[in-house]
>>> print(open('model00.tsv').read())   # TSV, C-alpha atoms and all ligand atoms
chain	number	residue	atom	x	y	z
A	209	MET	CA	119.24	83.58	82.99
A	210	PRO	CA	119.42	86.34	85.60
A	211	GLY	CA	119.44	88.93	82.81
A	212	GLU	CA	116.40	87.33	81.28
A	213	MET	CA	114.59	87.39	84.60
A	214	ALA	CA	115.43	91.00	85.20
A	215	GLU	CA	114.09	91.78	81.74
A	216	GLN	CA	110.88	89.89	82.51
A	217	ARG	CA	110.54	91.78	85.75
A	218	ARG	CA	111.09	95.08	83.97
A	219	GLN	CA	108.39	94.20	81.47
A	220	GLN	CA	106.04	93.24	84.26
A	221	GLN	CA	106.69	96.47	86.07
A	222	GLN	CA	106.09	98.40	82.88
A	223	LEU	CA	102.83	96.57	82.34
A	224	GLN	CA	101.79	97.23	85.91
A	225	GLN	CA	102.63	100.90	85.53
A	226	GLN	CA	100.57	101.11	82.36
A	227	ARG	CA	97.63	99.48	84.09
A	228	LEU	CA	97.95	101.83	87.03
A	229	GLN	CA	98.05	104.81	84.71
A	230	GLN	CA	94.99	103.59	82.85
A	231	GLN	CA	93.24	103.13	86.13
A	232	GLN	CA	94.14	106.63	87.27
A	233	GLU	CA	92.94	108.05	83.98
A	234	ARG	CA	89.68	106.19	84.33
A	235	GLN	CA	89.35	107.52	87.84
A	236	GLN	CA	90.05	111.09	86.74
A	237	GLU	CA	87.55	110.75	83.95
A	238	HIS	CA	85.08	109.61	86.48
A	239	GLU	CA	85.76	112.44	88.87
A	240	GLN	CA	85.51	115.06	86.14
A	241	LYS	CA	82.19	113.75	84.94
A	242	PRO	CA	79.39	116.03	86.14
A	243	GLN	CA	76.62	114.58	88.28
A	244	GLN	CA	75.00	111.92	86.20
A	245	GLU	CA	71.88	112.89	84.32
A	246	PRO	CA	68.97	110.56	85.06
A	247	GLN	CA	68.88	109.28	81.46
A	248	GLU	CA	72.53	108.32	81.71
A	249	GLN	CA	72.04	105.99	84.61
A	250	ASP	CA	72.38	102.68	82.89
A	251	GLN	CA	74.61	99.82	83.94
A	252	GLU	CA	77.50	101.03	81.81
A	253	GLN	CA	77.83	104.44	83.36
A	254	ALA	CA	76.84	103.77	86.94
A	255	ALA	CA	79.72	104.34	89.36
A	256	PRO	CA	81.49	101.10	90.10
A	257	ALA	CA	80.70	99.22	93.29
A	258	ARG	CA	83.63	99.28	95.69
A	259	ALA	CA	82.07	97.21	98.44
A	260	LEU	CA	78.99	95.13	99.15
A	261	ALA	CA	76.88	95.24	102.27
A	262	VAL	CA	74.62	92.53	103.64
A	263	ALA	CA	71.19	94.03	104.25
A	264	GLY	CA	68.08	92.00	105.02
A	265	GLY	CA	69.58	88.74	103.76
A	266	ARG	CA	70.78	90.23	100.44
A	267	PHE	CA	73.90	91.80	99.09
A	268	ARG	CA	73.67	95.47	98.10
A	269	ALA	CA	76.31	97.40	96.22
A	270	LEU	CA	78.12	100.29	97.87
A	271	VAL	CA	79.65	103.05	95.77
A	272	GLU	CA	80.28	105.57	98.54
A	273	PRO	CA	80.91	104.93	102.21
A	274	SER	CA	78.16	107.44	103.04
A	275	ALA	CA	75.57	104.87	101.92
A	276	LEU	CA	76.52	102.82	104.95
A	277	GLY	CA	74.69	105.35	107.10
A	278	ALA	CA	71.44	103.93	105.70
A	279	LEU	CA	72.20	100.48	107.13
A	280	THR	CA	70.51	99.51	110.34
A	281	PRO	CA	72.42	97.21	112.67
A	282	PRO	CA	71.63	93.57	111.95
A	283	GLN	CA	68.90	92.18	114.16
A	284	GLY	CA	66.54	89.21	114.33
A	285	GLU	CA	67.21	85.88	112.72
A	286	TYR	CA	70.26	85.80	110.44
A	287	ARG	CA	69.64	85.24	106.75
A	288	GLN	CA	72.63	84.31	104.64
A	289	PRO	CA	72.74	86.14	101.28
A	290	ASP	CA	73.18	84.13	98.09
A	291	PRO	CA	76.57	84.54	96.42
A	292	PRO	CA	76.22	87.35	93.86
A	293	ASP	CA	76.65	86.49	90.15
A	294	THR	CA	76.54	90.10	89.04
A	295	VAL	CA	76.74	93.45	90.82
A	296	PRO	CA	73.68	93.73	93.06
A	297	GLU	CA	71.33	96.72	93.37
A	298	PRO	CA	72.98	99.67	95.06
A	299	LEU	CA	72.23	100.67	98.60
A	300	ASP	CA	71.18	104.27	98.20
A	301	PRO	CA	72.38	106.82	100.68
A	302	GLY	CA	69.55	108.34	102.68
A	303	PRO	CA	69.38	112.11	103.11
A	304	GLY	CA	72.06	113.39	105.44
A	305	ASP	CA	73.75	110.03	105.80
A	306	ARG	CA	77.35	110.13	106.68
A	307	ALA	CA	80.05	107.54	106.49
A	308	PRO	CA	80.57	105.74	109.75
A	309	ASN	CA	83.54	107.12	111.61
A	310	PRO	CA	85.31	104.14	113.11
A	311	SER	CA	87.00	104.91	116.41
A	312	THR	CA	89.82	102.46	115.84
A	313	ARG	CA	92.04	101.73	112.89
A	314	PRO	CA	91.05	98.70	110.80
A	315	GLU	CA	93.07	95.62	111.67
A	316	ILE	CA	94.69	93.29	109.17
A	317	TYR	CA	95.35	89.73	110.29
A	318	LEU	CA	98.04	87.89	108.37
A	319	THR	CA	97.44	84.14	108.53
A	320	VAL	CA	99.47	81.27	107.12
A	321	ASP	CA	98.08	77.75	106.73
A	322	THR	CA	101.16	75.67	107.41
A	323	GLU	CA	101.08	72.17	106.04
A	324	ASP	CA	102.38	69.52	103.71
A	325	ASP	CA	99.78	66.83	103.54
A	326	TYR	CA	101.20	65.15	100.45
A	327	PHE	CA	104.93	64.61	100.87
A	328	THR	CA	106.97	63.00	103.65
A	329	VAL	CA	109.88	65.24	102.60
A	330	PRO	CA	108.46	68.67	103.48
A	331	HIS	CA	108.61	70.34	100.07
A	332	MET	CA	105.36	72.23	100.67
A	333	LEU	CA	106.15	73.07	104.28
A	334	THR	CA	109.77	74.25	104.33
A	335	GLY	CA	110.45	74.37	100.60
A	336	GLU	CA	112.91	71.48	100.94
A	337	GLY	CA	114.39	70.62	97.53
A	338	ILE	CA	113.06	73.88	96.06
A	339	GLY	CA	114.69	76.55	98.21
A	340	GLU	CA	114.10	77.52	101.83
A	341	GLU	CA	113.12	81.05	100.79
A	342	TYR	CA	110.05	79.58	99.07
A	343	GLY	CA	108.75	77.75	102.16
A	344	ALA	CA	107.63	78.66	105.69
A	345	TYR	CA	111.05	79.96	106.75
A	346	GLY	CA	111.11	82.21	103.70
A	347	ILE	CA	107.72	83.66	104.63
A	348	LEU	CA	108.94	84.12	108.19
A	349	ASP	CA	112.01	86.04	106.98
A	350	VAL	CA	109.90	88.42	104.90
A	351	LEU	CA	107.55	89.05	107.83
A	352	ASP	CA	110.40	89.61	110.25
A	353	GLN	CA	112.10	91.96	107.81
A	354	TYR	CA	109.06	94.24	108.03
A	355	ASP	CA	108.44	93.60	111.72
A	356	LEU	CA	105.09	91.93	111.04
A	357	GLN	CA	103.66	89.13	113.20
A	358	ALA	CA	101.41	86.51	111.69
A	359	THR	CA	99.09	83.79	112.92
A	360	TRP	CA	100.36	80.41	111.71
A	361	PHE	CA	97.70	77.73	111.51
A	362	VAL	CA	99.82	74.63	111.80
A	363	ASN	CA	98.60	71.19	110.74
A	364	VAL	CA	100.19	69.19	113.56
A	365	TYR	CA	98.41	65.99	112.48
A	366	GLU	CA	101.06	65.38	109.80
A	367	ALA	CA	104.03	65.80	112.17
A	368	HIS	CA	104.64	62.05	112.71
A	369	ARG	CA	104.49	61.32	108.98
A	370	HIS	CA	107.51	63.36	107.95
A	371	GLU	CA	110.74	61.50	107.27
A	372	ASP	CA	112.27	63.68	109.95
A	373	PRO	CA	109.54	63.64	112.62
A	374	THR	CA	110.93	66.79	114.28
A	375	THR	CA	110.27	68.94	111.16
A	376	VAL	CA	106.98	70.45	112.34
A	377	GLU	CA	108.12	70.81	115.94
A	378	ARG	CA	111.28	72.70	114.92
A	379	LEU	CA	109.30	75.05	112.69
A	380	VAL	CA	106.73	75.72	115.42
A	381	LYS	CA	109.46	76.48	117.95
A	382	THR	CA	111.20	78.88	115.55
A	383	LEU	CA	107.95	80.72	114.76
A	384	ASP	CA	107.12	80.95	118.45
A	385	GLU	CA	110.57	82.19	119.41
A	386	ARG	CA	110.33	84.89	116.79
A	387	GLY	CA	107.11	86.25	118.29
A	388	HIS	CA	104.48	84.79	115.96
A	389	GLU	CA	101.24	83.11	116.99
A	390	ILE	CA	100.94	79.34	116.75
A	391	ALA	CA	97.36	78.31	116.04
A	392	LEU	CA	95.75	74.97	115.29
A	393	HIS	CA	94.95	73.72	111.78
A	394	THR	CA	93.33	70.38	111.03
A	395	HIS	CA	93.82	67.98	108.16
A	396	PRO	CA	92.97	64.31	108.68
A	397	SER	CA	95.74	61.73	108.53
A	398	GLU	CA	94.98	58.24	107.26
A	399	ASP	CA	97.25	56.66	109.85
A	400	LEU	CA	95.73	58.46	112.85
A	401	GLU	CA	93.00	56.16	114.06
A	402	MET	CA	91.05	58.90	115.84
A	403	TYR	CA	91.22	61.31	112.86
A	404	ALA	CA	91.39	59.51	109.54
A	405	ARG	CA	88.36	61.21	107.97
A	406	PRO	CA	87.14	64.80	107.53
A	407	LEU	CA	86.20	66.60	110.73
A	408	TYR	CA	82.47	66.75	110.05
A	409	TRP	CA	82.25	62.96	110.21
A	410	PHE	CA	82.75	63.13	113.97
A	411	ASP	CA	80.41	64.13	116.79
A	412	ALA	CA	81.27	66.93	119.21
A	413	ASP	CA	83.02	64.62	121.71
A	414	GLU	CA	85.16	62.98	119.04
A	415	GLN	CA	86.02	66.38	117.59
A	416	LYS	CA	86.99	67.50	121.08
A	417	ARG	CA	89.44	64.59	121.27
A	418	ILE	CA	90.88	65.40	117.83
A	419	LEU	CA	91.30	69.11	118.50
A	420	GLY	CA	92.53	68.39	122.02
A	421	TYR	CA	95.27	66.13	120.63
A	422	GLY	CA	96.49	68.95	118.38
A	423	ALA	CA	96.23	71.64	121.06
A	424	GLU	CA	98.29	69.47	123.43
A	425	LEU	CA	101.07	69.04	120.89
A	426	ILE	CA	101.29	72.81	120.42
A	427	GLU	CA	101.28	73.36	124.17
A	428	LYS	CA	104.05	70.79	124.57
A	429	TRP	CA	106.19	72.58	121.97
A	430	THR	CA	105.54	76.21	122.93
A	431	GLY	CA	104.41	76.06	126.55
A	432	ARG	CA	101.11	77.71	125.60
A	433	ALA	CA	97.82	76.26	124.43
A	434	PRO	CA	96.63	77.71	121.11
A	435	VAL	CA	93.68	80.13	121.19
A	436	SER	CA	92.94	80.35	117.46
A	437	PHE	CA	91.66	77.67	115.13
A	438	ARG	CA	91.15	77.15	111.40
A	439	ALA	CA	89.68	73.96	109.99
A	440	GLY	CA	91.70	72.57	107.06
A	441	GLY	CA	89.82	73.04	103.79
A	442	TYR	CA	87.17	74.97	105.83
A	443	VAL	CA	85.83	71.52	106.78
A	444	LEU	CA	83.75	72.06	109.90
A	445	ASN	CA	80.21	71.84	111.24
A	446	ASP	CA	78.24	73.18	114.21
A	447	GLU	CA	79.74	70.50	116.49
A	448	THR	CA	83.22	71.91	115.82
A	449	PHE	CA	82.22	75.11	117.63
A	450	GLU	CA	81.10	73.05	120.65
A	451	ALA	CA	84.46	71.30	120.70
A	452	LEU	CA	86.33	74.63	120.40
A	453	GLU	CA	84.36	76.16	123.22
A	454	THR	CA	84.90	73.27	125.66
A	455	LEU	CA	88.63	73.26	124.85
A	456	GLY	CA	88.92	76.99	125.62
A	457	PHE	CA	89.68	78.27	122.10
A	458	ARG	CA	88.79	81.95	121.81
A	459	LEU	CA	88.79	82.46	118.02
A	460	ASP	CA	87.82	80.56	114.94
A	461	SER	CA	88.80	81.56	111.41
A	462	SER	CA	87.22	78.76	109.37
A	463	VAL	CA	84.30	80.60	107.82
A	464	PHE	CA	84.83	81.32	104.16
A	465	PHE	CA	81.69	82.52	102.45
A	466	SER	CA	81.86	80.61	99.19
A	467	SER	CA	83.12	77.31	100.65
A	468	LYS	CA	80.82	74.31	100.47
A	469	ASN	CA	82.85	72.66	103.24
A	470	ASN	CA	81.40	75.09	105.82
A	471	ARG	CA	78.64	72.72	106.93
A	472	ILE	CA	77.44	75.14	109.57
A	473	THR	CA	74.34	77.12	110.34
A	474	PRO	CA	75.46	80.32	108.60
A	475	PHE	CA	75.89	83.40	110.74
A	476	THR	CA	78.19	85.84	108.95
A	477	VAL	CA	79.94	86.63	105.66
A	478	ASN	CA	82.97	88.71	106.62
A	479	ALA	CA	82.00	90.42	109.88
A	480	VAL	CA	83.18	89.15	113.25
A	481	ARG	CA	80.38	87.49	115.21
A	482	MET	CA	80.13	85.50	118.42
A	483	ARG	CA	79.33	81.85	118.12
A	484	GLY	CA	78.78	80.79	121.72
A	485	ARG	CA	81.93	81.91	123.51
A	486	VAL	CA	84.07	81.71	120.37
A	487	VAL	CA	84.49	84.75	118.14
A	488	GLU	CA	84.38	84.03	114.41
A	489	VAL	CA	86.92	85.93	112.28
A	490	PRO	CA	86.13	84.82	108.72
A	491	VAL	CA	88.67	84.59	105.94
A	492	THR	CA	87.89	87.77	104.00
A	493	TYR	CA	85.71	87.00	100.99
A	494	VAL	CA	86.47	89.37	98.08
A	495	PRO	CA	84.16	89.45	95.07
A	496	ARG	CA	85.97	90.44	91.90
A	497	ILE	CA	83.92	92.28	89.29
A	498	ASN	CA	85.08	91.23	85.83
A	499	SER	CA	84.94	93.49	82.80
A	500	ASP	CA	81.73	91.76	81.69
A	501	GLY	CA	80.10	92.66	85.03
A	502	GLU	CA	80.11	89.09	86.32
A	503	ILE	CA	81.49	88.28	89.72
A	504	ASP	CA	84.28	85.86	90.61
A	505	HIS	CA	84.41	84.66	94.18
A	506	ARG	CA	87.89	85.38	95.50
A	507	LYS	CA	89.47	85.82	98.91
A	508	PHE	CA	92.13	88.03	100.48
A	509	ASP	CA	94.89	85.59	99.60
A	510	VAL	CA	98.25	86.15	97.93
A	511	ASN	CA	97.48	83.33	95.48
A	512	TRP	CA	93.94	84.51	94.69
A	513	LEU	CA	94.44	88.22	93.98
A	514	THR	CA	96.97	90.27	92.03
A	515	GLY	CA	99.31	92.60	93.91
A	516	GLU	CA	97.18	95.54	92.85
A	517	GLU	CA	94.03	93.84	94.11
A	518	LEU	CA	95.64	93.06	97.48
A	519	ASP	CA	96.30	96.79	97.85
A	520	GLN	CA	92.73	97.54	96.80
A	521	VAL	CA	91.37	95.38	99.62
A	522	VAL	CA	93.34	97.46	102.14
A	523	ASP	CA	92.04	100.65	100.48
A	524	ARG	CA	88.42	99.48	100.64
A	525	VAL	CA	88.79	98.44	104.26
A	526	THR	CA	89.98	101.91	105.22
A	527	GLU	CA	87.53	103.83	102.97
A	528	PHE	CA	84.48	101.92	104.18
A	529	GLY	CA	85.57	101.61	107.81
A	530	ILE	CA	85.52	97.82	107.63
A	531	PRO	CA	86.93	96.89	111.05
A	532	HIS	CA	89.13	94.03	109.90
A	533	ALA	CA	90.35	91.90	107.02
A	534	THR	CA	91.82	88.41	107.30
A	535	PHE	CA	94.57	87.80	104.78
A	536	MET	CA	95.64	84.24	104.13
A	537	MET	CA	98.35	82.28	102.42
A	538	HIS	CA	99.93	78.84	102.70
A	539	SER	CA	103.39	77.60	103.59
A	540	PHE	CA	103.51	76.59	99.90
A	541	SER	CA	102.21	79.87	98.43
A	542	PHE	CA	105.59	80.53	96.74
A	543	ILE	CA	105.76	77.10	95.14
A	544	ASP	CA	104.65	76.43	91.59
A	545	LYS	CA	102.55	73.28	91.83
A	546	THR	CA	99.31	71.70	90.76
A	547	SER	CA	96.92	69.07	92.00
A	548	ILE	CA	95.96	66.35	89.51
A	549	ARG	CA	93.28	63.66	89.56
A	550	GLU	CA	94.68	60.23	90.39
A	551	GLU	CA	93.61	58.63	87.11
A	552	GLU	CA	95.35	61.30	85.02
A	553	PRO	CA	99.00	60.98	83.95
A	554	GLY	CA	101.64	63.27	85.43
A	555	THR	CA	103.62	65.75	83.35
A	556	GLU	CA	107.25	65.74	82.28
A	557	LYS	CA	108.15	69.02	83.92
A	558	ALA	CA	107.44	67.91	87.53
A	559	ILE	CA	110.47	67.90	89.82
A	560	PHE	CA	108.50	66.18	92.60
A	561	ARG	CA	105.36	64.06	92.38
A	562	SER	CA	103.46	62.99	95.50
A	563	PRO	CA	101.75	59.67	96.11
A	564	PRO	CA	97.97	59.92	95.71
A	565	LEU	CA	95.94	61.23	98.63
A	566	ARG	CA	92.12	61.36	98.62
A	567	SER	CA	92.18	60.52	94.87
A	568	ARG	CA	94.55	63.32	93.85
A	569	PHE	CA	98.27	63.83	93.67
A	570	VAL	CA	100.47	66.91	93.61
A	571	GLU	CA	103.19	67.85	91.15
A	572	ILE	CA	105.80	70.48	91.99
A	573	TYR	CA	107.54	72.40	89.21
A	574	GLY	CA	109.78	74.76	91.20
A	575	PRO	CA	109.59	78.14	92.91
A	576	ASN	CA	106.99	80.75	92.01
A	577	ARG	CA	109.12	83.87	92.29
A	578	GLU	CA	106.36	86.16	91.13
A	579	VAL	CA	104.15	85.31	94.10
A	580	ARG	CA	107.05	85.72	96.50
A	581	GLU	CA	107.70	89.19	95.08
A	582	ARG	CA	104.00	90.02	95.28
A	583	PHE	CA	104.03	89.06	98.95
A	584	GLU	CA	107.21	91.02	99.68
A	585	ARG	CA	105.66	94.12	98.14
A	586	PHE	CA	102.43	93.60	100.07
A	587	ALA	CA	104.29	93.06	103.37
A	588	ALA	CA	106.32	96.23	102.77
A	589	SER	CA	103.16	98.15	101.95
A	590	VAL	CA	101.08	97.10	104.98
A	591	SER	CA	104.03	97.62	107.31
A	592	ARG	CA	104.20	101.30	106.21
A	593	ASP	CA	100.46	101.91	106.05
A	594	THR	CA	99.48	104.06	109.02
A	595	ARG	CA	95.75	103.72	108.23
A	596	ILE	CA	95.74	100.13	109.46
A	597	GLU	CA	97.20	97.94	112.17
A	598	VAL	CA	98.63	94.47	111.56
A	599	LYS	CA	98.08	92.09	114.46
A	600	THR	CA	97.99	88.41	115.26
A	601	LEU	CA	94.56	87.03	116.08
A	602	ALA	CA	95.68	86.24	119.63
A	603	ALA	CA	96.79	89.86	120.13
A	604	ALA	CA	93.48	91.09	118.73
A	605	ALA	CA	91.33	88.62	120.70
A	606	ASP	CA	90.09	90.97	123.45
A	607	GLY	CA	89.15	93.69	120.98
A	608	LEU	CA	87.47	91.17	118.69
A	609	HIS	CA	85.35	89.83	121.54
A	610	ARG	CA	84.26	93.37	122.42
A	611	ARG	CA	83.48	94.23	118.80
A	612	ALA	CA	81.55	91.03	118.14
A	613	ALA	CA	79.28	91.77	121.08
A	614	GLU	CA	77.85	94.83	119.26
A	615	PRO	CA	77.18	93.76	115.68
A	616	HIS	CA	78.50	96.07	112.97
A	617	PRO	CA	77.24	95.90	109.41
A	618	ASP	CA	78.70	93.09	107.34
A	619	VAL	CA	80.64	94.91	104.60
A	620	VAL	CA	82.59	93.11	101.91
A	621	PRO	CA	85.44	94.73	99.93
A	622	VAL	CA	85.19	94.45	96.16
A	623	VAL	CA	88.00	94.45	93.60
B	701	ZN	ZN	95.06	73.54	105.20
>>> encode(input="model00.tsv", output="structure tokens")
Amino acid sequence: MPGEMAEQRRQQQQLQQQRLQQQQERQQEHEQKPQQEPQEQDQEQAAPARALAVAGGRFRALVEPSALGALTPPQGEYRQPDPPDTVPEPLDPGPGDRAPNPSTRPEIYLTVDTEDDYFTVPHMLTGEGIGEEYGAYGILDVLDQYDLQATWFVNVYEAHRHEDPTTVERLVKTLDERGHEIALHTHPSEDLEMYARPLYWFDADEQKRILGYGAELIEKWTGRAPVSFRAGGYVLNDETFEALETLGFRLDSSVFFSSKNNRITPFTVNAVRMRGRVVEVPVTYVPRINSDGEIDHRKFDVNWLTGEELDQVVDRVTEFGIPHATFMMHSFSFIDKTSIREEEPGTEKAIFRSPPLRSRFVEIYGPNREVRERFERFAASVSRDTRIEVKTLAAAADGLHRRAAEPHPDVVPVV
């Protein structure tokens, strides 16, 4: 078996190398091509978009960072752009435009949604029964190995449901002791009377009670109240921001552009913006341009992009002076699993099958070593990359509040 795996890995590496080479060749081809003749400017030969910018309520394609000079700072009433299906019209550089010269290095925020909503044995939280290196402690070890600190959004509302009710508390204490940020994450629990339904069912006062309950648990375990928040499944509404503000939260990271669960008055795609006294730090939306020119809506997530694409996001962020990118993953990112509709039968290959929850159940098949390796490579790469800084949201909070007060253009990396 180990020999077979090594062989597989070798083949994968070879494949990756080939792809990289092809990409470099394409790039060289592109660079050697003389300035395009006007008659050549059709869709096929136009330079590829490497980022999108929000301008006047629409997305525009960016090929070169210099085009950003043509963007005026956002003003007036915010208009949310429609998700792009294909590459939008380019934003043309004006005469003499120069790329913005950011005074600080772009910041990368590593965030981990930490939860096992489905099982009372924490397979999806700590990797129990699969291997600890594939759960939260495994992620923690990789991060610590590269001296990286992450923001862990912990769903504390499941803590009492685990067979060992100290599971979540012990994890939180370990993360905290090892210098990581503990932040609040919300998933409803059917046996919690105050919070048995999705967050947007509740008014601002009720949401304040729900979020307050979670913040108190974290404070009890770590001695510090959390300052950052992410709604589970991006389920939040305008009232959630009221609750966050009255509870003293400083940051929210629940906006994800293509999520229908964001039942909010829209105010940003990827840029940081103030919402009352809370600064919004969206999960970084990453459109992927397919070979047919159509766009897939992805995010900066170890399970949503290839290793090469994760690197590309960091490249785009530095090339285009995008001030930040929010990377996300889950405590179960290294676990091979699937969610199945309740009425469907399970499969033979499952090693664990959960009871149904909200009309679905989860099957676990084992570890997903490929994703763990992808993450290890990514962690190694960002830890060495002097173009960027990796920070927790709490550590970045002051800078984020300053930056949000003077709106920058909303620029979206493309892969
Ligand atoms: Zn979640």
>>> closest_atom_pairs(input="model00.tsv", of="stretch 393-511 of chain A", to="stretch 325-334 of chain A", cutoff="9 Å", atoms="all atoms listed in the file", output="CSV")
residue,atom,partner,partner_atom,distance
A:His395,CA,A:Asp325,CA,7.6
A:Pro396,CA,A:Asp325,CA,8.9
A:Ser397,CA,A:Asp325,CA,8.2
>>> closest_residue(input="model00.tsv", among="A:Thr359, A:Ser541, A:Thr322, A:Thr382", to="A:Val598", atoms="all atoms listed in the file")
A:Thr359
>>> closest_residue(input="model00.tsv", among="A:Ser539, A:Thr555, A:Thr546, A:Thr374", to="ligand ZN 701 (chain B)", atoms="only C-alpha atoms and all ligand atoms")
A:Ser539
>>> closest_atom_pairs(input="model00.tsv", of="chain A", to="ligand ZN 701 (chain B)", cutoff="8 Å", atoms="all atoms listed in the file", output="tab-separated table")
residue	atom	partner	partner_atom	distance
A:Asp321	CA	B:ZN701	ZN	5.4
A:Thr322	CA	B:ZN701	ZN	6.8
A:Glu323	CA	B:ZN701	ZN	6.2
A:Asn363	CA	B:ZN701	ZN	7.0
A:His393	CA	B:ZN701	ZN	6.6
A:Thr394	CA	B:ZN701	ZN	6.9
A:His395	CA	B:ZN701	ZN	6.4
A:Ala439	CA	B:ZN701	ZN	7.2
A:Gly440	CA	B:ZN701	ZN	4.0
A:Gly441	CA	B:ZN701	ZN	5.4
A:His538	CA	B:ZN701	ZN	7.6
>>> atom_distance(input="model00.tsv", atom1="atom CA of A:Thr448", atom2="atom CA of A:Thr492")
20.3 Å
>>> closest_residue(input="model00.tsv", among="A:Asp618, A:Asp300, A:Glu315, A:Glu551", to="A:Tyr493", atoms="all atoms listed in the file")
A:Asp618
>>> closest_residue(input="model00.tsv", among="A:Pro615, A:Pro531, A:Pro296, A:Gly515", to="A:Phe583", atoms="all atoms listed in the file")
A:Gly515
>>> closest_residue(input="model00.tsv", among="A:Glu550, A:Asp324, A:Asp290, A:Asp349", to="A:Pro563", atoms="all atoms listed in the file")
A:Glu550
>>> closest_residue(input="model00.tsv", among="A:Glu398, A:Glu552, A:Asp352, A:Asp509", to="A:His368", atoms="only C-alpha atoms")
A:Glu398
>>> atom_distance(input="model00.tsv", atom1="atom CA of A:Gly343", atom2="atom CA of A:Phe542")
6.9 Å
>>> atom_distance(input="model00.tsv", atom1="atom CA of A:Ala257", atom2="atom CA of A:Pro621")
9.3 Å
>>> residues_near_point(input="model00.tsv", point="(76.1, 95.1, 114.8)", cutoff="10 Å", atoms="only C-alpha atoms", output="list in words")
Thr280, Pro281, Pro282, Gln283, Ala479, Val480, Arg481, Arg611, Ala612, Ala613, Glu614, Pro615, His616, Pro617 and Asp618 of chain A
>>> build_atoms(input="model00.tsv", residues="stretch 481-492 of chain A", atoms="N, CA and C atoms", output="PDB file, in the coordinates of the input")
ATOM      1  N   ARG A 481      81.603  87.800 114.474  1.00  0.00           N
ATOM      2  CA  ARG A 481      80.380  87.490 115.210  1.00  0.00           C
ATOM      3  C   ARG A 481      80.706  86.475 116.295  1.00  0.00           C
ATOM      4  N   MET A 482      79.962  86.525 117.395  1.00  0.00           N
ATOM      5  CA  MET A 482      80.130  85.500 118.420  1.00  0.00           C
ATOM      6  C   MET A 482      79.376  84.249 118.010  1.00  0.00           C
ATOM      7  N   ARG A 483      79.998  83.137 118.295  1.00  0.00           N
ATOM      8  CA  ARG A 483      79.330  81.850 118.120  1.00  0.00           C
ATOM      9  C   ARG A 483      79.536  81.152 119.458  1.00  0.00           C
ATOM     10  N   GLY A 484      78.552  81.211 120.345  1.00  0.00           N
ATOM     11  CA  GLY A 484      78.780  80.790 121.720  1.00  0.00           C
ATOM     12  C   GLY A 484      79.829  81.695 122.336  1.00  0.00           C
ATOM     13  N   ARG A 485      80.872  81.092 122.897  1.00  0.00           N
ATOM     14  CA  ARG A 485      81.930  81.910 123.510  1.00  0.00           C
ATOM     15  C   ARG A 485      83.123  82.088 122.570  1.00  0.00           C
ATOM     16  N   VAL A 486      82.974  81.621 121.340  1.00  0.00           N
ATOM     17  CA  VAL A 486      84.070  81.710 120.370  1.00  0.00           C
ATOM     18  C   VAL A 486      83.756  82.845 119.378  1.00  0.00           C
ATOM     19  N   VAL A 487      84.741  83.686 119.111  1.00  0.00           N
ATOM     20  CA  VAL A 487      84.490  84.750 118.140  1.00  0.00           C
ATOM     21  C   VAL A 487      84.946  84.259 116.760  1.00  0.00           C
ATOM     22  N   GLU A 488      84.059  84.440 115.771  1.00  0.00           N
ATOM     23  CA  GLU A 488      84.380  84.030 114.410  1.00  0.00           C
ATOM     24  C   GLU A 488      85.039  85.195 113.682  1.00  0.00           C
ATOM     25  N   VAL A 489      86.189  84.931 113.081  1.00  0.00           N
ATOM     26  CA  VAL A 489      86.920  85.930 112.280  1.00  0.00           C
ATOM     27  C   VAL A 489      87.079  85.320 110.888  1.00  0.00           C
ATOM     28  N   PRO A 490      86.092  85.528 110.007  1.00  0.00           N
ATOM     29  CA  PRO A 490      86.130  84.820 108.720  1.00  0.00           C
ATOM     30  C   PRO A 490      87.349  85.178 107.874  1.00  0.00           C
ATOM     31  N   VAL A 491      87.718  84.275 107.004  1.00  0.00           N
ATOM     32  CA  VAL A 491      88.670  84.590 105.940  1.00  0.00           C
ATOM     33  C   VAL A 491      87.941  85.592 105.039  1.00  0.00           C
ATOM     34  N   THR A 492      88.588  86.690 104.700  1.00  0.00           N
ATOM     35  CA  THR A 492      87.890  87.770 104.000  1.00  0.00           C
ATOM     36  C   THR A 492      87.550  87.390 102.546  1.00  0.00           C
TER      37      THR A 492
END
